[in-house]
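Student: So that you have it, the file is upload.txt, and it contains compact mmCIF, C-alpha atoms:
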# COMPACT_ATOMS: atom_id res chain seq x y z
CA MET A 1 36.04 -22.33 -41.64
CA ALA A 2 35.74 -25.61 -39.77
CA GLU A 3 37.18 -24.06 -36.63
CA GLU A 4 34.80 -21.12 -36.90
CA GLY A 5 31.88 -23.54 -37.22
CA ASP A 6 33.03 -25.42 -34.12
CA VAL A 7 33.21 -22.17 -32.15
CA VAL A 8 29.68 -21.22 -33.22
CA SER A 9 28.34 -24.66 -32.34
CA LYS A 10 30.06 -24.71 -28.91
CA THR A 11 28.83 -21.21 -28.14
CA PHE A 12 25.29 -22.21 -29.09
CA ARG A 13 25.35 -25.32 -26.89
CA ALA A 14 26.72 -23.29 -23.98
CA LEU A 15 23.89 -20.77 -24.37
CA VAL A 16 21.34 -23.60 -24.47
CA GLU A 17 22.68 -25.16 -21.26
CA SER A 18 22.79 -21.80 -19.49
CA ALA A 19 19.22 -20.94 -20.51
CA ASP A 20 17.95 -24.40 -19.50
CA ARG A 21 19.51 -24.09 -16.03
CA LYS A 22 17.84 -20.72 -15.49
CA PHE A 23 14.53 -22.08 -16.80
CA ALA A 24 14.62 -24.95 -14.28
CA ARG A 25 14.74 -22.42 -11.42
CA VAL A 26 11.49 -20.69 -12.33
CA ARG A 27 9.50 -23.55 -13.84
CA ASP A 28 7.82 -24.55 -10.57
CA PHE A 29 7.28 -21.09 -9.11
CA PRO A 30 3.69 -20.62 -7.84
CA SER A 31 1.34 -18.73 -10.14
CA TYR A 32 0.09 -16.41 -7.39
CA GLY A 33 1.78 -13.62 -5.46
CA ARG A 34 3.02 -10.28 -6.72
CA ALA A 35 6.73 -10.68 -6.04
CA GLN A 36 7.40 -14.32 -6.79
CA GLY A 37 10.81 -14.46 -8.43
CA GLN A 38 10.49 -11.53 -10.84
CA HIS A 39 14.26 -11.10 -10.71
CA TYR A 40 14.79 -14.69 -11.86
CA PHE A 41 12.23 -14.38 -14.64
CA GLN A 42 14.04 -11.39 -16.07
CA LYS A 43 17.25 -13.39 -16.15
CA VAL A 44 15.59 -16.33 -17.90
CA PHE A 45 13.94 -14.10 -20.51
CA LYS A 46 17.26 -12.41 -21.19
CA ALA A 47 19.03 -15.78 -21.58
CA TYR A 48 16.48 -17.12 -24.07
CA MET A 49 16.30 -13.91 -26.04
CA ARG A 50 20.08 -14.00 -26.39
CA LEU A 51 19.91 -17.66 -27.45
CA TRP A 52 17.13 -16.99 -29.98
CA LYS A 53 19.00 -14.07 -31.51
CA TYR A 54 22.24 -16.07 -31.72
CA GLN A 55 20.63 -18.97 -33.59
CA GLN A 56 19.02 -16.52 -36.02
CA GLU A 57 22.33 -14.82 -36.76
CA HIS A 58 24.28 -18.10 -37.16
CA ARG A 59 21.57 -20.35 -38.61
CA THR A 60 23.65 -21.43 -41.62
CA GLU A 61 26.69 -22.44 -39.56
CA LEU A 62 24.55 -24.23 -36.99
CA VAL A 63 22.67 -26.24 -39.61
CA LYS A 64 25.96 -27.33 -41.16
CA ALA A 65 27.12 -28.37 -37.69
CA GLY A 66 24.06 -30.62 -37.29
CA LEU A 67 21.38 -28.37 -35.76
CA ASN A 68 17.94 -29.99 -36.10
CA ARG A 69 14.74 -28.11 -36.82
CA TRP A 70 13.09 -29.58 -33.74
CA GLU A 71 15.82 -27.95 -31.60
CA ILE A 72 14.77 -24.53 -32.94
CA GLY A 73 11.18 -25.45 -32.18
CA GLU A 74 12.14 -26.45 -28.65
CA ILE A 75 13.77 -23.06 -28.03
CA ALA A 76 10.71 -21.24 -29.37
CA GLY A 77 8.52 -23.49 -27.23
CA ARG A 78 10.48 -22.63 -24.09
CA ILE A 79 10.04 -18.93 -24.83
CA GLY A 80 6.31 -19.56 -25.27
CA GLN A 81 6.27 -21.34 -21.90
CA LEU A 82 7.96 -18.39 -20.25
CA TYR A 83 5.45 -15.95 -21.68
CA PHE A 84 2.51 -18.12 -20.67
CA GLY A 85 3.98 -18.49 -17.18
CA GLN A 86 4.17 -14.71 -16.91
CA TYR A 87 0.56 -14.48 -18.06
CA THR A 88 -0.60 -16.86 -15.31
CA ARG A 89 1.21 -14.70 -12.74
CA THR A 90 0.21 -11.27 -14.04
CA SER A 91 -2.85 -11.88 -16.30
CA GLU A 92 -1.40 -9.33 -18.74
CA ALA A 93 -2.80 -10.06 -22.21
CA ARG A 94 0.46 -9.16 -23.95
CA PHE A 95 2.21 -12.18 -22.41
CA LEU A 96 -0.56 -14.53 -23.54
CA VAL A 97 -0.43 -13.10 -27.06
CA GLU A 98 3.36 -13.46 -27.16
CA ALA A 99 3.03 -17.12 -26.18
CA TYR A 100 0.50 -17.60 -28.97
CA VAL A 101 2.85 -15.91 -31.47
CA PHE A 102 5.68 -18.34 -30.73
CA TYR A 103 3.49 -21.44 -30.58
CA GLU A 104 1.74 -20.67 -33.85
CA ALA A 105 5.09 -20.01 -35.54
CA ILE A 106 6.23 -23.47 -34.43
CA LEU A 107 3.09 -24.98 -35.90
CA LYS A 108 3.20 -23.10 -39.20
CA ARG A 109 6.89 -23.76 -39.78
CA ARG A 110 6.54 -27.42 -38.81
CA TYR A 111 9.61 -27.44 -36.63
CA PHE A 112 8.63 -30.78 -35.07
CA GLU A 113 6.93 -32.37 -38.06
CA GLY A 114 8.77 -34.38 -40.68
CA CYS A 115 11.45 -35.64 -38.32
CA LYS A 116 12.78 -38.75 -40.06
CA VAL A 117 14.64 -39.98 -36.98
CA LYS A 118 12.39 -42.13 -34.81
CA ASP A 119 13.36 -40.37 -31.58
CA LEU A 120 10.88 -41.01 -28.79
CA GLY A 121 12.16 -38.00 -26.86
CA VAL A 122 11.41 -35.69 -29.80
CA ARG A 123 7.92 -37.13 -30.13
CA PHE A 124 7.22 -36.41 -26.47
CA LYS A 125 8.43 -32.85 -26.95
CA GLU A 126 5.99 -32.49 -29.84
CA LEU A 127 3.13 -33.93 -27.77
CA ARG A 128 3.82 -31.46 -24.95
CA PHE A 129 4.01 -28.63 -27.46
CA TYR A 130 0.52 -29.43 -28.80
CA ALA A 131 -0.91 -29.64 -25.27
CA ARG A 132 0.55 -26.25 -24.30
CA PHE A 133 -0.58 -24.62 -27.54
CA LEU A 134 -4.10 -25.95 -26.97
CA LEU A 135 -4.24 -24.35 -23.52
CA VAL A 136 -3.06 -20.97 -24.83
CA SER A 137 -5.50 -21.13 -27.77
CA LEU A 138 -8.38 -22.02 -25.44
CA ILE A 139 -7.76 -19.06 -23.17
CA LEU A 140 -7.39 -16.73 -26.17
CA ASN A 141 -10.65 -18.16 -27.54
CA ARG A 142 -9.06 -19.22 -30.86
CA THR A 143 -11.56 -21.96 -31.61
CA GLN A 144 -10.37 -22.67 -35.15
CA THR A 145 -6.78 -23.05 -33.97
CA VAL A 146 -7.94 -25.41 -31.23
CA LYS A 147 -9.72 -27.62 -33.78
CA VAL A 148 -6.63 -27.76 -36.01
CA VAL A 149 -4.27 -28.59 -33.16
CA VAL A 150 -6.61 -31.26 -31.77
CA GLU A 151 -6.56 -33.09 -35.10
CA LYS A 152 -2.76 -32.91 -35.20
CA LEU A 153 -2.55 -34.17 -31.62
CA LYS A 154 -4.85 -37.11 -32.43
CA ALA A 155 -2.77 -38.02 -35.49
CA LEU A 156 0.48 -37.80 -33.52
CA VAL A 157 -0.81 -40.03 -30.71
CA ASP A 158 -1.93 -42.62 -33.26
CA ASN A 159 1.44 -42.38 -35.01
CA CYS A 160 3.32 -42.85 -31.75
CA ASN A 161 1.22 -45.88 -30.87
CA ALA A 162 2.06 -47.43 -34.22
CA ASN A 163 5.80 -46.70 -34.15
CA PHE A 164 6.59 -47.08 -30.45
CA ARG A 165 4.57 -50.12 -29.45
CA GLU A 166 6.70 -50.77 -26.38
CA THR A 167 5.73 -47.37 -24.93
CA ASN A 168 2.39 -46.72 -23.23
CA PHE A 169 0.65 -43.57 -24.47
CA LYS A 170 -2.44 -44.01 -22.31
CA GLU A 171 -1.97 -40.62 -20.65
CA TRP A 172 -1.89 -38.87 -24.01
CA LYS A 173 -5.04 -40.68 -25.09
CA LEU A 174 -6.68 -39.24 -21.97
CA VAL A 175 -5.44 -35.77 -22.94
CA VAL A 176 -7.15 -36.14 -26.32
CA GLN A 177 -10.36 -37.33 -24.63
CA GLU A 178 -10.24 -34.36 -22.23
CA ILE A 179 -9.96 -31.72 -24.95
CA VAL A 180 -12.66 -33.36 -27.07
CA ARG A 181 -15.00 -33.48 -24.08
CA PHE A 182 -14.16 -29.87 -23.29
CA MET A 183 -14.96 -28.78 -26.85
CA ASN A 184 -18.27 -30.66 -26.80
CA ALA A 185 -19.28 -28.98 -23.54
CA ASP A 186 -18.26 -25.43 -24.44
CA THR A 187 -20.80 -23.48 -26.48
CA THR A 188 -18.18 -21.47 -28.36
CA PHE A 189 -17.22 -24.61 -30.27
CA ALA A 190 -20.81 -25.75 -30.92
CA ILE A 191 -22.15 -22.34 -32.04
CA ALA A 192 -19.89 -20.50 -34.46
CA SER A 193 -21.73 -17.19 -33.99
CA ALA A 194 -21.69 -17.34 -30.18
CA ARG A 195 -20.37 -14.16 -28.64
CA PRO A 196 -17.34 -14.52 -26.35
CA PHE A 197 -17.59 -14.30 -22.58
CA ARG A 198 -14.89 -11.63 -22.63
CA TYR A 199 -15.53 -7.97 -23.20
CA SER A 200 -15.34 -7.55 -26.98
CA ALA A 201 -15.20 -4.33 -28.99
CA ILE A 202 -17.34 -6.03 -31.64
CA PHE A 203 -20.28 -6.67 -29.30
CA ASP A 204 -19.81 -4.20 -26.43
CA CYS A 205 -19.46 -0.45 -26.18
CA HIS A 206 -16.26 1.08 -24.84
CA PRO A 207 -15.91 0.92 -21.03
CA ASN A 208 -15.79 4.72 -20.76
CA SER A 209 -19.31 4.96 -22.21
CA VAL A 210 -20.85 2.47 -19.81
CA GLN A 211 -22.92 3.87 -16.97
CA TYR A 212 -21.35 3.24 -13.60
CA VAL A 213 -23.25 1.30 -10.97
CA ALA A 214 -23.53 2.52 -7.41
CA ARG A 215 -20.28 2.65 -5.49
CA PHE A 216 -19.22 -0.63 -3.89
CA HIS A 217 -18.28 1.28 -0.76
CA ALA A 218 -19.76 4.52 0.50
CA LYS A 219 -16.42 6.25 1.14
CA LYS A 220 -14.03 4.49 -1.28
CA VAL A 221 -13.69 3.88 -5.00
CA LEU A 222 -12.34 0.35 -5.17
CA LYS A 223 -10.51 -1.18 -8.12
CA PHE A 224 -10.80 -4.82 -9.15
CA ARG A 225 -7.22 -6.13 -8.85
CA ASP A 226 -7.20 -9.84 -7.97
CA ALA A 227 -9.33 -12.95 -8.36
CA ILE A 228 -9.16 -16.53 -7.09
CA LEU A 229 -10.94 -19.15 -9.18
CA MET A 230 -11.36 -22.59 -7.61
CA SER A 231 -13.29 -25.64 -8.80
CA TYR A 232 -13.62 -29.07 -7.19
CA HIS A 233 -16.16 -31.57 -8.52
CA ARG A 234 -16.09 -35.26 -9.28
CA ASN A 235 -15.61 -36.09 -12.95
CA GLU A 236 -15.78 -32.44 -14.01
CA VAL A 237 -15.12 -31.24 -17.55
CA LYS A 238 -11.55 -29.98 -17.79
CA PHE A 239 -8.42 -29.74 -19.89
CA ALA A 240 -5.12 -30.08 -18.08
CA GLU A 241 -5.86 -28.27 -14.78
CA LEU A 242 -8.35 -25.80 -16.26
CA THR A 243 -11.92 -26.81 -15.48
CA LEU A 244 -14.87 -25.59 -17.53
CA ASP A 245 -16.20 -23.54 -14.59
CA ALA A 246 -12.85 -21.82 -14.03
CA TYR A 247 -12.41 -21.30 -17.79
CA ARG A 248 -15.74 -19.50 -18.14
CA MET A 249 -15.05 -17.30 -15.12
CA LEU A 250 -11.58 -16.53 -16.48
CA GLN A 251 -13.11 -15.48 -19.81
CA CYS A 252 -15.55 -13.17 -18.02
CA LEU A 253 -12.64 -11.44 -16.27
CA GLU A 254 -10.62 -10.73 -19.43
CA TRP A 255 -10.65 -7.99 -22.06
CA GLU A 256 -10.80 -9.25 -25.63
CA SER A 257 -7.74 -8.20 -27.64
CA SER A 258 -8.92 -5.58 -30.12
CA GLY A 259 -5.81 -3.80 -31.37
CA SER A 260 -5.05 -2.68 -34.90
CA PHE A 261 -3.80 -6.18 -35.72
CA TYR A 262 -7.39 -7.39 -36.04
CA GLN A 263 -8.53 -4.57 -38.32
CA LYS A 264 -5.84 -4.81 -40.98
CA HIS A 265 -5.05 -7.39 -43.64
CA GLN A 266 -1.72 -7.28 -45.40
CA ALA A 267 -0.28 -9.52 -48.09
CA GLU A 268 3.05 -9.58 -49.81
CA THR A 269 3.89 -11.40 -53.04
CA LYS A 270 7.18 -13.11 -53.68
CA GLU A 271 8.94 -13.09 -57.03
CA ASN A 272 7.75 -16.60 -57.84
CA GLY A 273 4.15 -15.52 -57.54
CA VAL A 274 3.44 -17.19 -54.22
CA VAL A 275 1.30 -14.97 -51.98
CA VAL A 276 2.40 -14.89 -48.36
CA ASP A 277 0.00 -13.47 -45.79
CA TYR A 278 1.68 -11.54 -42.97
CA SER A 279 -1.49 -10.40 -41.22
CA GLY A 280 -1.27 -13.43 -38.93
CA THR A 281 1.45 -14.65 -36.62
CA SER A 282 2.75 -17.20 -39.09
CA GLY A 283 5.38 -14.85 -40.50
CA LEU A 284 8.49 -13.83 -38.62
CA ILE A 285 8.44 -14.33 -34.88
CA ASP A 286 8.25 -10.62 -34.15
CA MET A 287 8.45 -9.61 -30.51
CA LYS A 288 6.92 -6.21 -31.33
CA LEU A 289 3.84 -7.71 -32.98
CA VAL A 290 2.02 -7.76 -29.63
CA ALA A 291 1.79 -3.96 -29.75
CA ASP A 292 -0.70 -4.32 -32.60
CA MET A 293 -2.64 -7.10 -30.90
CA THR A 294 -3.53 -5.31 -27.66
CA ASP A 295 -5.57 -2.20 -26.97
CA PRO A 296 -3.80 0.19 -24.55
CA THR A 297 -7.07 2.05 -23.90
CA LEU A 298 -8.58 -0.95 -22.09
CA PRO A 299 -8.08 -1.41 -18.33
CA PRO A 300 -5.58 -4.08 -17.19
CA ASN A 301 -6.87 -7.56 -16.52
CA PRO A 302 -7.16 -8.50 -12.84
CA ARG A 303 -4.62 -11.01 -11.62
CA LYS A 304 -6.14 -14.47 -11.42
CA ALA A 305 -5.00 -17.45 -9.35
CA ILE A 306 -6.63 -20.59 -10.79
CA LEU A 307 -6.65 -23.49 -8.34
CA TYR A 308 -7.48 -27.02 -9.49
CA ARG A 309 -8.72 -29.31 -6.73
CA PRO A 310 -6.80 -27.64 -3.88
CA SER A 311 -6.87 -28.80 -0.31
CA VAL A 312 -8.61 -26.53 2.19
CA THR A 313 -5.24 -25.63 3.67
CA HIS A 314 -3.79 -24.69 0.29
CA LEU A 315 -6.85 -22.63 -0.66
CA ILE A 316 -6.71 -20.66 2.59
CA ALA A 317 -2.95 -20.15 2.20
CA VAL A 318 -3.42 -18.72 -1.30
CA MET A 319 -6.23 -16.44 -0.11
CA ALA A 320 -4.06 -15.23 2.77
CA THR A 321 -1.12 -14.48 0.45
CA ILE A 322 -3.20 -12.57 -2.08
CA CYS A 323 -5.15 -10.63 0.56
CA GLU A 324 -1.92 -9.64 2.26
CA GLU A 325 -0.48 -8.32 -1.02
CA LEU A 326 -3.73 -6.67 -2.17
CA PRO A 327 -3.01 -3.01 -3.04
CA PRO A 328 -4.88 -0.28 -1.12
CA GLU A 329 -8.32 0.69 -2.38
CA SER A 330 -8.67 -2.67 -4.18
CA VAL A 331 -11.19 -5.50 -4.11
CA ILE A 332 -10.64 -9.23 -4.56
CA LEU A 333 -13.08 -11.66 -6.20
CA VAL A 334 -13.19 -15.25 -4.95
CA TYR A 335 -15.08 -17.84 -7.02
CA LEU A 336 -15.56 -21.23 -5.36
CA SER A 337 -17.29 -24.04 -7.24
CA ALA A 338 -17.73 -27.27 -5.28
CA SER A 339 -20.30 -29.69 -3.95
CA GLY A 340 -21.91 -29.07 -0.60
CA LYS A 341 -21.69 -32.69 0.51
CA PRO A 342 -19.04 -35.38 0.15
CA SER A 343 -19.14 -38.11 -2.45
CA HIS A 344 -20.14 -41.41 -0.88
CA ILE A 345 -18.70 -43.30 -3.84
CA ASN A 346 -15.07 -42.41 -3.17
CA ALA A 347 -15.21 -42.23 0.64
CA SER A 348 -15.48 -45.40 2.73
CA PRO A 349 -17.32 -45.46 6.09
CA VAL A 350 -13.96 -45.60 7.90
CA GLU A 351 -12.70 -42.55 6.02
CA SER A 352 -15.97 -40.74 6.67
CA SER A 353 -15.74 -41.50 10.36
CA GLY A 354 -12.13 -40.36 10.57
CA GLY A 355 -12.95 -37.27 8.62
CA SER A 356 -15.73 -36.42 11.08
CA LYS A 357 -13.31 -36.55 14.01
CA ARG A 358 -10.77 -34.39 12.23
CA THR A 359 -13.52 -32.03 11.13
CA THR A 360 -14.76 -31.60 14.68
CA LYS A 361 -11.23 -30.80 15.83
CA ASN A 362 -10.73 -28.31 13.04
CA LYS A 363 -14.08 -26.69 13.70
CA LEU A 364 -13.18 -26.17 17.37
CA THR A 365 -9.72 -24.84 16.50
CA SER A 366 -11.06 -22.41 13.90
CA HIS A 367 -13.88 -21.37 16.20
CA ASN A 368 -11.54 -20.59 19.10
CA SER A 369 -9.07 -18.67 16.95
CA LEU A 370 -11.77 -16.58 15.35
CA GLU A 371 -13.51 -15.78 18.63
CA GLN A 372 -10.35 -13.97 19.70
CA ASN A 373 -11.11 -11.40 16.99
CA PHE A 374 -14.82 -11.09 17.80
CA SER A 375 -16.90 -10.30 20.80
CA SER A 376 -19.08 -13.00 22.27
CA PRO A 377 -21.27 -14.68 19.63
CA GLU A 378 -24.78 -13.47 19.18
CA PRO A 379 -27.55 -15.74 20.40
CA HIS A 380 -30.35 -16.86 18.15
CA ILE A 381 -32.63 -13.90 17.67
CA ASN A 382 -35.88 -14.13 15.71
CA GLY A 383 -34.79 -17.46 14.26
CA LYS A 384 -31.52 -16.08 12.90
CA LYS A 385 -28.25 -17.97 13.18
CA GLY A 386 -25.49 -17.18 15.64
CA PHE A 387 -21.74 -17.24 15.06
CA SER A 388 -21.17 -20.91 15.96
CA ASP A 389 -23.80 -22.12 13.48
CA TYR A 390 -21.67 -21.11 10.51
CA TYR A 391 -19.67 -24.30 10.88
CA ASP A 392 -22.63 -26.54 10.05
CA ASP A 393 -22.76 -26.21 6.24
CA TYR A 394 -19.68 -26.43 4.07
CA LEU A 395 -18.10 -26.98 0.67
CA TRP A 396 -16.56 -30.41 0.16
CA LEU A 397 -13.07 -30.40 -1.37
CA GLY A 398 -12.52 -34.14 -1.56
CA SER A 399 -11.03 -36.77 0.69
CA LYS A 400 -7.50 -35.90 1.78
CA GLY A 401 -4.87 -38.28 3.10
CA ASN A 402 -2.88 -35.62 4.96
CA GLY A 403 -5.00 -35.62 8.09
CA GLY A 404 -6.58 -32.27 7.35
CA SER A 405 -10.19 -31.36 6.88
CA SER A 406 -11.88 -31.70 3.49
CA ASN A 407 -14.58 -29.19 4.36
CA LEU A 408 -14.52 -25.44 3.81
CA TYR A 409 -16.89 -23.67 6.19
CA PRO A 410 -18.30 -20.14 5.97
CA GLY A 411 -16.37 -19.39 9.15
CA ASP A 412 -13.11 -20.14 7.35
CA ILE A 413 -13.73 -17.13 5.11
CA ILE A 414 -14.37 -14.69 7.94
CA PRO A 415 -10.72 -13.62 8.53
CA PHE A 416 -10.51 -12.47 4.90
CA THR A 417 -13.46 -10.09 5.25
CA ARG A 418 -11.05 -7.50 6.64
CA ARG A 419 -10.32 -6.74 2.98
CA PRO A 420 -12.89 -5.74 0.34
CA LEU A 421 -14.20 -9.09 -0.89
CA PHE A 422 -16.61 -10.19 -3.61
CA LEU A 423 -17.46 -13.83 -3.00
CA VAL A 424 -19.16 -16.10 -5.56
CA ILE A 425 -20.20 -19.55 -4.30
CA ASP A 426 -21.35 -22.00 -6.99
CA SER A 427 -22.70 -24.85 -4.89
CA ASP A 428 -25.79 -26.46 -3.41
CA SER A 429 -24.57 -25.08 -0.04
CA SER A 430 -24.14 -21.51 -1.25
CA HIS A 431 -27.03 -20.26 0.89
CA ALA A 432 -25.01 -20.93 4.05
CA PHE A 433 -22.15 -18.73 2.87
CA LYS A 434 -24.45 -15.92 1.82
CA ALA A 435 -26.29 -15.86 5.15
CA GLY A 436 -23.19 -16.37 7.29
CA LEU A 437 -20.99 -13.77 5.67
CA THR A 438 -23.77 -11.21 5.48
CA TRP A 439 -24.00 -11.55 9.28
CA CYS A 440 -20.24 -11.11 9.48
CA ARG A 441 -20.37 -7.97 7.35
CA LYS A 442 -22.90 -6.39 9.69
CA ARG A 443 -20.72 -7.20 12.68
CA ARG A 444 -17.50 -5.84 11.15
CA GLU A 445 -18.74 -3.20 8.71
CA SER A 446 -16.37 -4.49 6.02
CA CYS A 447 -16.76 -4.36 2.25
CA LEU A 448 -18.25 -7.77 1.54
CA THR A 449 -20.63 -9.00 -1.12
CA ALA A 450 -21.65 -12.66 -1.16
CA PHE A 451 -23.29 -13.99 -4.31
CA ALA A 452 -24.89 -17.43 -4.17
CA ILE A 453 -25.54 -19.54 -7.27
Any chance you could put this one into structure tokens?

Tutor:
Amino acid sequence: MAEEGDVVSKTFRALVESADRKFARVRDFPSYGRAQGQHYFQKVFKAYMRLWKYQQEHRTELVKAGLNRWEIGEIAGRIGQLYFGQYTRTSEARFLVEAYVFYEAILKRRYFEGCKVKDLGVRFKELRFYARFLLVSLILNRTQTVKVVVEKLKALVDNCNANFRETNFKEWKLVVQEIVRFMNADTTFAIASARPFRYSAIFDCHPNSVQYVARFHAKKVLKFRDAILMSYHRNEVKFAELTLDAYRMLQCLEWESSGSFYQKHQAETKENGVVVDYSGTSGLIDMKLVADMTDPTLPPNPRKAILYRPSVTHLIAVMATICEELPPESVILVYLSASGKPSHINASPVESSGGSKRTTKNKLTSHNSLEQNFSSPEPHINGKKGFSDYYDDYLWLGSKGNGGSSNLYPGDIIPFTRRPLFLVIDSDSSHAFKAGLTWCRKRRESCLTAFAI
């Protein structure tokens, strides 16, 4: 029996190491692009599913061999991470729901709680688990779950400060402050009866019964496939790298889960009289449960690339990648929220001067490259702007130390108007983008709508 237990334990550890190596390969993959490492993700999912099944089948032997509950929680947490990572790349609701299923099971079963060993590494794992669960719960609009997890996170940070005085938990105190500030700013937490930003079967009629608006293009029926959500403001409300602006836009571009899971309520009673509710995700971690939590009659969510404080170069690179991979007969939405002028608090006169020189160089470079694709610029007619004037107003994306420009000009968007584009500019300089790109649309007869806020 002892030898059999050793074999089981060694096999389990080997599976853990193999799964962790595969996980490390995909952890830092970008969240945009349609073909970013799908082959690797399938391998990682397969490795963790095999590991999860093995520990379920040999739980008794593994516990006798010294398996800790927090180790089971860590495996479930990794699976939740994988599902959430797939959601950020595909925006498919089933992946987000699966992540929620695993995270809530960890919370309900208290895999990390009650650990008698004062292991700092385990405490950090628990802190990261709460932070990830909060992000998933926020996106799924589970306000009650968010409130519960926030209280547990606060208590854990206080406990860590008391028991590990030699360790600085300042960053985790900031995480708590961020989520509390986020909750205070978001109306869904202040008003219990507030309707969600998402399409909801409770408040809205079915999409098939909604009257269609006029066609976006005279000769094509375009489908909404991709979106880029970017926010860059000083001291903005955020949690992790999800700002309040991007969060609200994300909610508006999602379908509320409305499957049969939300219309049924089941309860089973054990022999000792204790009632156990299985209508939630706190029962068995069931991979098939997501089938009851999603509505197959609803259209798929558009893919969303959420960028937190990107550089101009990075933003343009992401836009270029997504536009290049945009399927035929599709439209992309780009939401840009930023100030129209730089912050004089963070930028010194020397930095401002240097930035002006670099900006002038970048303006000339962009102007010359774009003029190769256009005929000679139009002169001012009836007080209207010409092509070169669309490098006067801009969005400010912060001071950068890499020698590049911090300003995004309307002219920088022009190359992307070759594809159907719906542009939303949330800025005090939005008027410049609306006027400039409307002129570009007339010149190129492309499918472009610019919406200024």

Student: Using all atoms listed in the file for the distances, tell me which of A:Val180, A:Val146, A:Ile75, A:Ala320 is nearest to Tyr111 of chain A.

Tutor: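 Of A:Val180, A:Val146, A:Ile75, A:Ala320, the one nearest Tyr111 of chain A, counting all atoms listed in the file, is A:Ile75.
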
Student: Return the single residue from A:Leu333, A:Val122, A:Val157, A:Asn301 that is closest to Leu174 of chain A, with distances computed using only C-alpha atoms.

Tutor: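 Selected residue with least distance to Leu174 of chain A: A:Val157.
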
Student: Find, counting all atoms listed in the file, the residue in A:Tyr247, A:Ser405, A:Thr187, A:Tyr394 that gets nearest to Ala432 of chain A.

Tutor: A:Tyr394

Student: Could you tell me, as a list in words, which residues have any atom at most 9 Å from (-9.9, -17.4, -9.3), counting only C-alpha atoms?

Tutor: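 All residues meeting the 9 Å criterion around (-9.9, -17.4, -9.3) are Asp226, Ala227, Ile228, Leu229, Met230, Ser231, Ala246, Met249, Leu250, Arg303, Lys304, Ala305, Ile306, Leu307, Leu333, Val334, Tyr335 and Leu336 of chain A.
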
Student: Just the number, please: distance in Å from atom CA of Phe45 of chain A to atom CA of Ile79 of chain A, one decimal.

Tutor: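 These two atoms are separated by 7.6 Å.
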
Student: Tell me which of A:Gly398, A:Gly73, A:Pro420, A:Gly340 sits closest to Val221 of chain A, counting all atoms listed in the file.

Tutor: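 Under the stated criterion, the closest residue is A:Pro420.
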
Student: Using all atoms listed in the file, find the one residue out of A:Gln177, A:Phe12, A:Ala338, A:Asp245 that sits nearest to Lys53 of chain A.

Tutor: A:Phe12

Student: Work out how far apart atom CA of Glu329 of chain A and atom CA of Lys223 of chain A are and give it in Å to one decimal.

Tutor: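 About the pair atom CA of Glu329 of chain A and atom CA of Lys223 of chain A: they are 6.4 Å apart.
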
Student: What's the 12 Å shell around Asn163 of chain A, counting all atoms listed in the file, without same-chain residues fewer than 3 positions away, as a list in words?

Tutor: Val117, Lys118, Asp119, Leu120, Arg123, Leu156, Val157, Asp158, Asn159, Cys160, Glu166, Thr167, Asn168 and Phe169 of chain A

Student: In Å, rounded to a single decimal, give me how far atom CA of Ala131 of chain A is from atom CA of Asn161 of chain A.

Tutor: 17.3 Å

Student: Here is a test: counting all atoms listed in the file, which residue of A:Arg69, A:Arg110, A:Arg225, A:Arg181 is nearest to Lys152 of chain A?

Tutor: A:Arg110

Student: Which polymer residues have any atom within 8 Å of an atom of Ala76 of chain A, counting all atoms listed in the file, with same-chain residues fewer than 4 positions away left out, as JSON, numbers by chain?

Tutor: {"A": [52, 72, 80, 102, 103, 106]}

Student: Give the padded box for segment 327-334 of chain A as AutoDock Vina command-line options: axis-aligned, covering all atoms listed in the file, 8 Å on each side, centre and edge lengths in Å to one decimal.

Tutor:
--center_x -8.1 --center_y -7.3 --center_z -3.7 --size_x 26.2 --size_y 31.9 --size_z 21.1

Student: With only C-alpha atoms as the counted atoms, please give the residues lying no more than 8 Å from Ile322 of chain A, apart from itself and same-chain residues fewer than 2 positions off, as a list in words.

Tutor: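 Here the answer would be Tyr32, Gly33, Asp226, Val318, Met319, Ala320, Glu324, Glu325 and Leu326 of chain A.
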
Student: Which protein, DNA or RNA residues are at most 10 Å from (-7.8, -23.5, 2.9) in the file's coordinates when you count all atoms listed in the file, listed as a list in words?

Tutor: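 Counting all atoms listed in the file, I find these residues within 10 Å of (-7.8, -23.5, 2.9): Pro310, Ser311, Val312, Thr313, His314, Leu315, Ile316, Ala317, Val318, Met319, Ala320, Leu397, Gly404, Ser405, Ser406, Asn407, Leu408, Tyr409, Asp412 and Ile413 of chain A.
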